[in-house]
Amino acid sequence: MTAPGTIYIVSTPIGNLEDITIRAARILGEVDLIAAEDTRRTGKLLSHLGLKTRMVSYHDATESRRAPELLARVKSGANLALVSDAGTPLVADPGFRLVALAAAEGVTVVPVPGASAPLALLAASGLPTDRFRFLGFLPARVKARRDAIEALRSETDTLILFETARRLPAALVDLAEILGPRPTVIGRELTKKHEEIQRGTLVSLEEHFRKIPSIRGEIVIAIARSEESIDAGDRLAEAELRLQQRISEGESPSRAARAVASELELPRSQVYRLAHPPENS
């Protein structure tokens with residue numbers, strides 16, 4: 001009876017091809033088959049390494065069908081490497097079904113660690129790293145996204161999440177309004193030629209990226225944990241005074257609230273409530 005093979009979960013560079021590990025390169029050259037999220041992208045990496053290992057596509061649309069097929073091949077003796085487009089597989093990428101099936105069948109799964117965009121930004125963020133929570137992507141629909149962010153108000157871990165370049169401005173609007181001026185770091189195109197790391201608060205970064213007409217690249221966001229601000233009451237009192245001054249000068253309540261929230265780095269929802277107090281019943 002043929003002994004079963006091994007599934008290797010191989011981390012690949014998130015941008016700079018020099019970040020491939022010696023072990024990862026060796027494994028990619030030794031396995032019988034590579035299951036790749038995008039065979040074209042992985043093909044460029046293999047070409048860079050001078051490898052010609054056979055590949056098969058393995059992505060969200062094919063995972064439910066491919067996982068049993070690949071597991072059957074491994075159980076028949078083949079060694080398989082699973083790679084995603086970039087970084088560590090299964091971190092907001094396909095692979096869960098294959099690994100879960102392998103674990104259930106007693107097939108050996110070996111991690112080959114390496115690059116990871118969330119950890120790369122966390123390490124460079126300057127935010128607390130003793131506890132952190134990876135959230136993947138926020139929901140695309142506005143209500144679902146806002147509900148998800150609301151649930152994070154009292155989160156006591158540093159938050160790490162992905163966002164698409166296209167959705168970044170809208171996501172930052174909701175994050176700033178709901179979570180307020182938390183210290184935040186945004187990484188774009190990490191390890192690549194045009195790498196950019198922007199630091200500030202959710203409020204200031206929302207303003208920064210709002211002014212950029214066309215945002216491009218891969219985005220990772222790190223947000224500080226929730227902490228009660230010792231001067232929150234004082235700033236709310238100051239916000240109320242500034243609102244009254246602006247409104248008395250003819251500015252609309254909504255515009256005044258938006259400006260004051262930015263000036264004092266307060267959650268917009270709080271300042272809006274000051275500008276639009278509920279009517280007495």
# chains A, B, ... in the order shown; residues from 1 in each chain; ligands from 1

call {"tool": "residues_around", "arguments": {"residues": "A:Val220", "least_positions_apart": "2", "cutoff": "12 Å", "atoms": "only C-alpha atoms", "output": "NGL selection string"}}
result
:A and (14 or 116-122 or 124-125 or 134-138 or 159-165 or 168 or 184-190 or 195-198 or 217-218 or 222-223)

call {"tool": "write_last_selection", "arguments": {"atoms": "N, CA and C atoms", "output": "short mmCIF file (atom, residue, chain, number, x, y, z; two decimals), in the first residue's frame"}}
result
data_model
loop_
_atom_site.label_atom_id
_atom_site.label_comp_id
_atom_site.auth_asym_id
_atom_site.auth_seq_id
_atom_site.Cartn_x
_atom_site.Cartn_y
_atom_site.Cartn_z
N ILE A 14 4.73 38.72 -0.46
CA ILE A 14 3.56 39.58 -0.66
C ILE A 14 3.85 40.67 -1.68
N SER A 116 3.63 37.55 5.57
CA SER A 116 2.22 37.73 5.91
C SER A 116 1.97 39.22 6.03
N ALA A 117 1.08 39.74 5.20
CA ALA A 117 0.83 41.18 5.19
C ALA A 117 0.32 41.70 6.53
N PRO A 118 -0.65 41.02 7.20
CA PRO A 118 -1.12 41.53 8.49
C PRO A 118 0.00 41.62 9.52
N LEU A 119 0.86 40.60 9.59
CA LEU A 119 1.95 40.63 10.57
C LEU A 119 3.02 41.64 10.19
N ALA A 120 3.24 41.83 8.90
CA ALA A 120 4.23 42.81 8.46
C ALA A 120 3.82 44.21 8.91
N LEU A 121 2.55 44.57 8.72
CA LEU A 121 2.10 45.90 9.14
C LEU A 121 2.08 46.01 10.66
N LEU A 122 1.60 44.97 11.34
CA LEU A 122 1.55 45.01 12.79
C LEU A 122 2.93 45.26 13.38
N ALA A 124 5.41 46.81 12.11
CA ALA A 124 5.91 48.16 11.83
C ALA A 124 4.99 49.26 12.33
N SER A 125 3.86 48.89 12.92
CA SER A 125 2.82 49.88 13.24
C SER A 125 3.13 50.75 14.45
N PHE A 134 -7.33 39.62 13.89
CA PHE A 134 -7.38 39.76 12.44
C PHE A 134 -8.82 39.60 11.98
N LEU A 135 -9.31 40.55 11.21
CA LEU A 135 -10.73 40.59 10.82
C LEU A 135 -10.97 40.25 9.36
N GLY A 136 -9.90 40.06 8.58
CA GLY A 136 -10.11 39.85 7.15
C GLY A 136 -10.64 41.11 6.50
N PHE A 137 -11.59 40.96 5.58
CA PHE A 137 -12.21 42.10 4.92
C PHE A 137 -13.52 42.48 5.62
N LEU A 138 -13.79 43.77 5.75
CA LEU A 138 -15.09 44.22 6.23
C LEU A 138 -16.14 43.91 5.16
N LEU A 159 -6.66 45.89 16.18
CA LEU A 159 -7.43 45.35 15.07
C LEU A 159 -6.61 45.40 13.78
N ILE A 160 -6.61 44.30 13.05
CA ILE A 160 -5.93 44.23 11.75
C ILE A 160 -6.95 43.79 10.71
N LEU A 161 -7.03 44.54 9.61
CA LEU A 161 -7.99 44.16 8.58
C LEU A 161 -7.48 44.51 7.19
N PHE A 162 -8.04 43.83 6.21
CA PHE A 162 -7.78 44.12 4.81
C PHE A 162 -8.88 45.02 4.28
N GLU A 163 -8.58 45.77 3.23
CA GLU A 163 -9.61 46.51 2.50
C GLU A 163 -9.15 46.68 1.07
N THR A 164 -10.10 46.71 0.16
CA THR A 164 -9.73 46.95 -1.23
C THR A 164 -9.47 48.44 -1.42
N ALA A 165 -8.66 48.77 -2.42
CA ALA A 165 -8.36 50.17 -2.69
C ALA A 165 -9.64 50.94 -3.04
N LEU A 168 -11.71 51.58 0.20
CA LEU A 168 -11.04 52.18 1.34
C LEU A 168 -11.66 53.49 1.81
N THR A 184 -4.10 54.89 14.19
CA THR A 184 -4.28 53.94 13.08
C THR A 184 -3.07 54.00 12.15
N VAL A 185 -2.74 52.87 11.57
CA VAL A 185 -1.67 52.79 10.57
C VAL A 185 -2.22 52.06 9.35
N ILE A 186 -1.99 52.63 8.18
CA ILE A 186 -2.45 52.02 6.94
C ILE A 186 -1.24 51.71 6.06
N GLY A 187 -1.13 50.45 5.67
CA GLY A 187 -0.05 50.03 4.78
C GLY A 187 -0.59 49.76 3.39
N ARG A 188 0.09 50.30 2.41
CA ARG A 188 -0.31 50.09 1.01
C ARG A 188 0.88 49.56 0.23
N GLU A 189 0.66 48.49 -0.53
CA GLU A 189 1.71 47.91 -1.37
C GLU A 189 2.95 47.53 -0.54
N LEU A 190 2.73 46.88 0.59
CA LEU A 190 3.85 46.51 1.47
C LEU A 190 4.87 45.64 0.75
N GLU A 195 5.76 51.05 -1.81
CA GLU A 195 5.28 50.83 -0.44
C GLU A 195 5.02 52.17 0.26
N GLU A 196 3.90 52.22 0.97
CA GLU A 196 3.52 53.43 1.70
C GLU A 196 2.92 53.02 3.04
N ILE A 197 3.42 53.63 4.13
CA ILE A 197 2.85 53.41 5.46
C ILE A 197 2.45 54.77 6.01
N GLN A 198 1.15 54.97 6.19
CA GLN A 198 0.60 56.23 6.68
C GLN A 198 0.13 56.06 8.12
N GLY A 217 -3.51 49.51 -5.18
CA GLY A 217 -2.68 48.59 -4.43
C GLY A 217 -3.42 47.81 -3.36
N GLU A 218 -2.64 46.97 -2.68
CA GLU A 218 -3.16 46.13 -1.60
C GLU A 218 -3.12 46.93 -0.30
N ALA A 222 -4.24 48.78 10.48
CA ALA A 222 -4.07 48.42 11.89
C ALA A 222 -4.66 49.54 12.73
N ILE A 223 -5.57 49.19 13.65
CA ILE A 223 -6.29 50.17 14.46
C ILE A 223 -6.06 49.87 15.93
#

call {"tool": "residues_around", "arguments": {"residues": "A:Val10", "least_positions_apart": "3", "cutoff": "12 Å", "atoms": "only C-alpha atoms", "output": "VMD selection string"}}
result
chain A and resid 7 13 20 to 29 31 34 to 36 42 80 to 91 95 109 to 116

call {"tool": "write_last_selection", "arguments": {"atoms": "C-alpha atoms", "output": "mmCIF file, in the first residue's frame"}}
result
data_model
loop_
_atom_site.group_PDB
_atom_site.id
_atom_site.type_symbol
_atom_site.label_atom_id
_atom_site.label_comp_id
_atom_site.auth_asym_id
_atom_site.auth_seq_id
_atom_site.Cartn_x
_atom_site.Cartn_y
_atom_site.Cartn_z
ATOM 1 C CA ILE A 7 0.365 18.811 2.127
ATOM 2 C CA PRO A 13 6.198 36.860 -0.957
ATOM 3 C CA ILE A 20 10.810 33.848 -0.457
ATOM 4 C CA THR A 21 12.438 31.598 2.140
ATOM 5 C CA ILE A 22 15.093 29.045 1.263
ATOM 6 C CA ARG A 23 12.848 26.289 2.593
ATOM 7 C CA ALA A 24 9.806 27.469 0.648
ATOM 8 C CA ALA A 25 11.785 27.543 -2.587
ATOM 9 C CA ARG A 26 13.056 24.016 -1.938
ATOM 10 C CA ILE A 27 9.583 22.662 -1.172
ATOM 11 C CA LEU A 28 8.092 24.257 -4.295
ATOM 12 C CA GLY A 29 10.756 22.506 -6.353
ATOM 13 C CA VAL A 31 6.588 18.579 -4.525
ATOM 14 C CA ILE A 34 1.310 23.024 -6.562
ATOM 15 C CA ALA A 35 -2.274 24.116 -5.895
ATOM 16 C CA ALA A 36 -2.231 27.837 -6.679
ATOM 17 C CA THR A 42 2.559 31.728 -9.078
ATOM 18 C CA LEU A 80 1.283 18.887 -2.600
ATOM 19 C CA ALA A 81 2.137 22.539 -1.958
ATOM 20 C CA LEU A 82 -0.724 24.980 -1.411
ATOM 21 C CA VAL A 83 0.001 28.640 -2.197
ATOM 22 C CA SER A 84 -2.156 31.734 -2.413
ATOM 23 C CA ASP A 85 -1.664 34.808 -4.577
ATOM 24 C CA ALA A 86 0.680 36.235 -1.952
ATOM 25 C CA GLY A 87 1.528 35.745 1.704
ATOM 26 C CA THR A 88 0.311 32.945 3.938
ATOM 27 C CA PRO A 89 -2.451 30.667 2.549
ATOM 28 C CA LEU A 90 -5.799 30.466 4.379
ATOM 29 C CA VAL A 91 -5.382 34.006 5.812
ATOM 30 C CA GLY A 95 -7.472 26.500 1.588
ATOM 31 C CA VAL A 109 -0.198 19.025 6.894
ATOM 32 C CA VAL A 110 3.071 20.956 7.259
ATOM 33 C CA PRO A 111 3.203 24.771 7.515
ATOM 34 C CA VAL A 112 6.078 26.492 5.717
ATOM 35 C CA PRO A 113 5.942 29.989 7.256
ATOM 36 C CA GLY A 114 6.989 33.202 5.616
ATOM 37 C CA ALA A 115 5.557 36.532 4.523
ATOM 38 C CA SER A 116 2.218 37.734 5.909
#

call {"tool": "residues_around", "arguments": {"residues": "A:Leu98", "least_positions_apart": "6", "cutoff": "12 Å", "atoms": "only C-alpha atoms", "output": "JSON, numbers by chain"}}
result
{"A": [7, 8, 9, 35, 58, 59, 60, 62, 63, 64, 65, 66, 67, 68, 69, 70, 71, 72, 73, 74, 80, 81, 82, 89, 90, 104, 105, 107, 108, 109]}

call {"tool": "atom_distance", "arguments": {"atom1": "atom CA of A:Pro253", "atom2": "atom CA of A:Glu265"}}
result
17.3 Å

call {"tool": "select_by_dssp", "arguments": {"residues": "stretch 55-160 of chain A", "states": "alpha helix (DSSP H)", "output": "number ranges by chain"}}
result
A: 63-75, 96-105, 117-125, 142-150

call {"tool": "write_last_selection", "arguments": {"atoms": "N, CA and C atoms", "output": "compact mmCIF listing (two decimals), in the first residue's frame"}}
result
# COMPACT_ATOMS: atom_id res chain seq x y z
N GLU A 63 -12.81 25.61 -5.04
CA GLU A 63 -12.34 24.95 -3.82
C GLU A 63 -13.18 23.74 -3.43
N SER A 64 -14.50 23.87 -3.46
CA SER A 64 -15.35 22.76 -3.01
C SER A 64 -15.15 21.51 -3.87
N ARG A 65 -14.85 21.71 -5.15
CA ARG A 65 -14.63 20.57 -6.05
C ARG A 65 -13.19 20.08 -5.99
N ARG A 66 -12.25 21.01 -5.93
CA ARG A 66 -10.85 20.65 -5.99
C ARG A 66 -10.34 19.98 -4.71
N ALA A 67 -10.86 20.41 -3.55
CA ALA A 67 -10.32 19.90 -2.29
C ALA A 67 -10.36 18.37 -2.21
N PRO A 68 -11.51 17.72 -2.48
CA PRO A 68 -11.53 16.25 -2.43
C PRO A 68 -10.61 15.61 -3.47
N GLU A 69 -10.54 16.22 -4.65
CA GLU A 69 -9.68 15.69 -5.71
C GLU A 69 -8.21 15.72 -5.29
N LEU A 70 -7.79 16.86 -4.74
CA LEU A 70 -6.39 17.01 -4.33
C LEU A 70 -6.06 16.09 -3.16
N LEU A 71 -7.01 15.99 -2.23
CA LEU A 71 -6.76 15.11 -1.08
C LEU A 71 -6.60 13.66 -1.53
N ALA A 72 -7.39 13.25 -2.52
CA ALA A 72 -7.28 11.89 -3.04
C ALA A 72 -5.90 11.64 -3.63
N ARG A 73 -5.36 12.62 -4.31
CA ARG A 73 -4.02 12.47 -4.90
C ARG A 73 -2.96 12.37 -3.82
N VAL A 74 -3.12 13.18 -2.76
CA VAL A 74 -2.15 13.13 -1.67
C VAL A 74 -2.23 11.78 -0.95
N LYS A 75 -3.44 11.28 -0.75
CA LYS A 75 -3.60 9.98 -0.09
C LYS A 75 -3.01 8.86 -0.95
N PHE A 96 -9.12 26.43 3.37
CA PHE A 96 -9.72 25.86 4.58
C PHE A 96 -10.29 24.46 4.33
N ARG A 97 -11.02 24.29 3.25
CA ARG A 97 -11.66 22.99 3.00
C ARG A 97 -10.61 21.89 2.85
N LEU A 98 -9.55 22.18 2.14
CA LEU A 98 -8.51 21.18 1.92
C LEU A 98 -7.85 20.78 3.24
N VAL A 99 -7.48 21.78 4.04
CA VAL A 99 -6.79 21.48 5.30
C VAL A 99 -7.73 20.77 6.28
N ALA A 100 -9.01 21.20 6.31
CA ALA A 100 -9.97 20.56 7.21
C ALA A 100 -10.18 19.10 6.83
N LEU A 101 -10.30 18.83 5.52
CA LEU A 101 -10.45 17.45 5.07
C LEU A 101 -9.21 16.62 5.39
N ALA A 102 -8.04 17.22 5.18
CA ALA A 102 -6.79 16.50 5.46
C ALA A 102 -6.68 16.16 6.94
N ALA A 103 -7.03 17.12 7.79
CA ALA A 103 -6.97 16.87 9.23
C ALA A 103 -7.92 15.75 9.63
N ALA A 104 -9.11 15.77 9.04
CA ALA A 104 -10.11 14.74 9.36
C ALA A 104 -9.66 13.35 8.90
N GLU A 105 -8.89 13.30 7.80
CA GLU A 105 -8.44 12.03 7.23
C GLU A 105 -7.09 11.58 7.78
N ALA A 117 1.08 39.74 5.20
CA ALA A 117 0.83 41.18 5.19
C ALA A 117 0.32 41.70 6.53
N PRO A 118 -0.65 41.02 7.20
CA PRO A 118 -1.12 41.53 8.49
C PRO A 118 0.00 41.62 9.52
N LEU A 119 0.86 40.60 9.59
CA LEU A 119 1.95 40.63 10.57
C LEU A 119 3.02 41.64 10.19
N ALA A 120 3.24 41.83 8.90
CA ALA A 120 4.23 42.81 8.46
C ALA A 120 3.82 44.21 8.91
N LEU A 121 2.55 44.57 8.72
CA LEU A 121 2.10 45.90 9.14
C LEU A 121 2.08 46.01 10.66
N LEU A 122 1.60 44.97 11.34
CA LEU A 122 1.55 45.01 12.79
C LEU A 122 2.93 45.26 13.38
N ALA A 123 3.94 44.58 12.84
CA ALA A 123 5.30 44.73 13.36
C ALA A 123 5.83 46.15 13.19
N ALA A 124 5.41 46.81 12.11
CA ALA A 124 5.91 48.16 11.83
C ALA A 124 4.99 49.26 12.33
N SER A 125 3.86 48.89 12.92
CA SER A 125 2.82 49.88 13.24
C SER A 125 3.13 50.75 14.45
N VAL A 142 -22.98 48.63 2.92
CA VAL A 142 -22.83 49.68 3.93
C VAL A 142 -23.39 49.26 5.29
N LYS A 143 -24.64 48.79 5.32
CA LYS A 143 -25.24 48.46 6.61
C LYS A 143 -24.49 47.33 7.31
N ALA A 144 -24.13 46.31 6.57
CA ALA A 144 -23.40 45.19 7.15
C ALA A 144 -22.04 45.64 7.66
N ARG A 145 -21.40 46.53 6.90
CA ARG A 145 -20.09 47.04 7.32
C ARG A 145 -20.21 47.85 8.61
N ARG A 146 -21.21 48.74 8.66
CA ARG A 146 -21.38 49.57 9.85
C ARG A 146 -21.75 48.71 11.07
N ASP A 147 -22.57 47.69 10.86
CA ASP A 147 -22.92 46.79 11.97
C ASP A 147 -21.67 46.07 12.48
N ALA A 148 -20.80 45.64 11.55
CA ALA A 148 -19.58 44.94 11.94
C ALA A 148 -18.66 45.87 12.74
N ILE A 149 -18.58 47.13 12.31
CA ILE A 149 -17.71 48.08 13.01
C ILE A 149 -18.29 48.42 14.38
N GLU A 150 -19.61 48.55 14.47
CA GLU A 150 -20.25 48.83 15.76
C GLU A 150 -19.87 47.76 16.78

call {"tool": "residues_around", "arguments": {"residues": "stretch 240-248 of chain A", "least_positions_apart": "3", "cutoff": "8 Å", "atoms": "only C-alpha atoms", "output": "compact mmCIF listing (two decimals) with N, CA and C atoms, in the first residue's frame"}}
result
# COMPACT_ATOMS: atom_id res chain seq x y z
N LEU A 236 -16.08 66.89 24.57
CA LEU A 236 -17.48 66.98 24.18
C LEU A 236 -18.07 68.34 24.58
N ALA A 237 -17.66 68.83 25.74
CA ALA A 237 -18.12 70.17 26.16
C ALA A 237 -17.59 71.22 25.20
N GLU A 251 -23.93 78.57 9.90
CA GLU A 251 -23.54 77.29 9.32
C GLU A 251 -24.60 76.24 9.65
N SER A 252 -24.86 75.35 8.72
CA SER A 252 -25.86 74.32 8.97
C SER A 252 -25.37 73.38 10.06
N PRO A 253 -26.29 72.80 10.86
CA PRO A 253 -25.89 71.88 11.92
C PRO A 253 -25.03 70.71 11.41
N ALA A 256 -21.55 71.99 10.47
CA ALA A 256 -20.85 72.37 11.69
C ALA A 256 -20.38 71.14 12.45
N ALA A 257 -21.24 70.12 12.54
CA ALA A 257 -20.87 68.90 13.24
C ALA A 257 -19.70 68.20 12.57
N VAL A 260 -16.48 70.28 13.38
CA VAL A 260 -16.06 70.19 14.78
C VAL A 260 -15.53 68.79 15.11
N VAL A 271 -20.85 63.95 17.76
CA VAL A 271 -21.01 65.39 17.53
C VAL A 271 -22.32 65.66 16.80
N LEU A 274 -25.01 65.95 19.25
CA LEU A 274 -25.01 67.26 19.91
C LEU A 274 -25.66 68.32 19.03
N ALA A 275 -25.44 68.20 17.72
CA ALA A 275 -26.00 69.20 16.79
C ALA A 275 -27.46 68.94 16.49

call {"tool": "atom_distance", "arguments": {"atom1": "atom CA of A:Ser57", "atom2": "atom CA of A:Ser76"}}
result
19.6 Å

call {"tool": "atom_distance", "arguments": {"atom1": "atom CA of A:Ser214", "atom2": "atom CA of A:Arg166"}}
result
8.2 Å
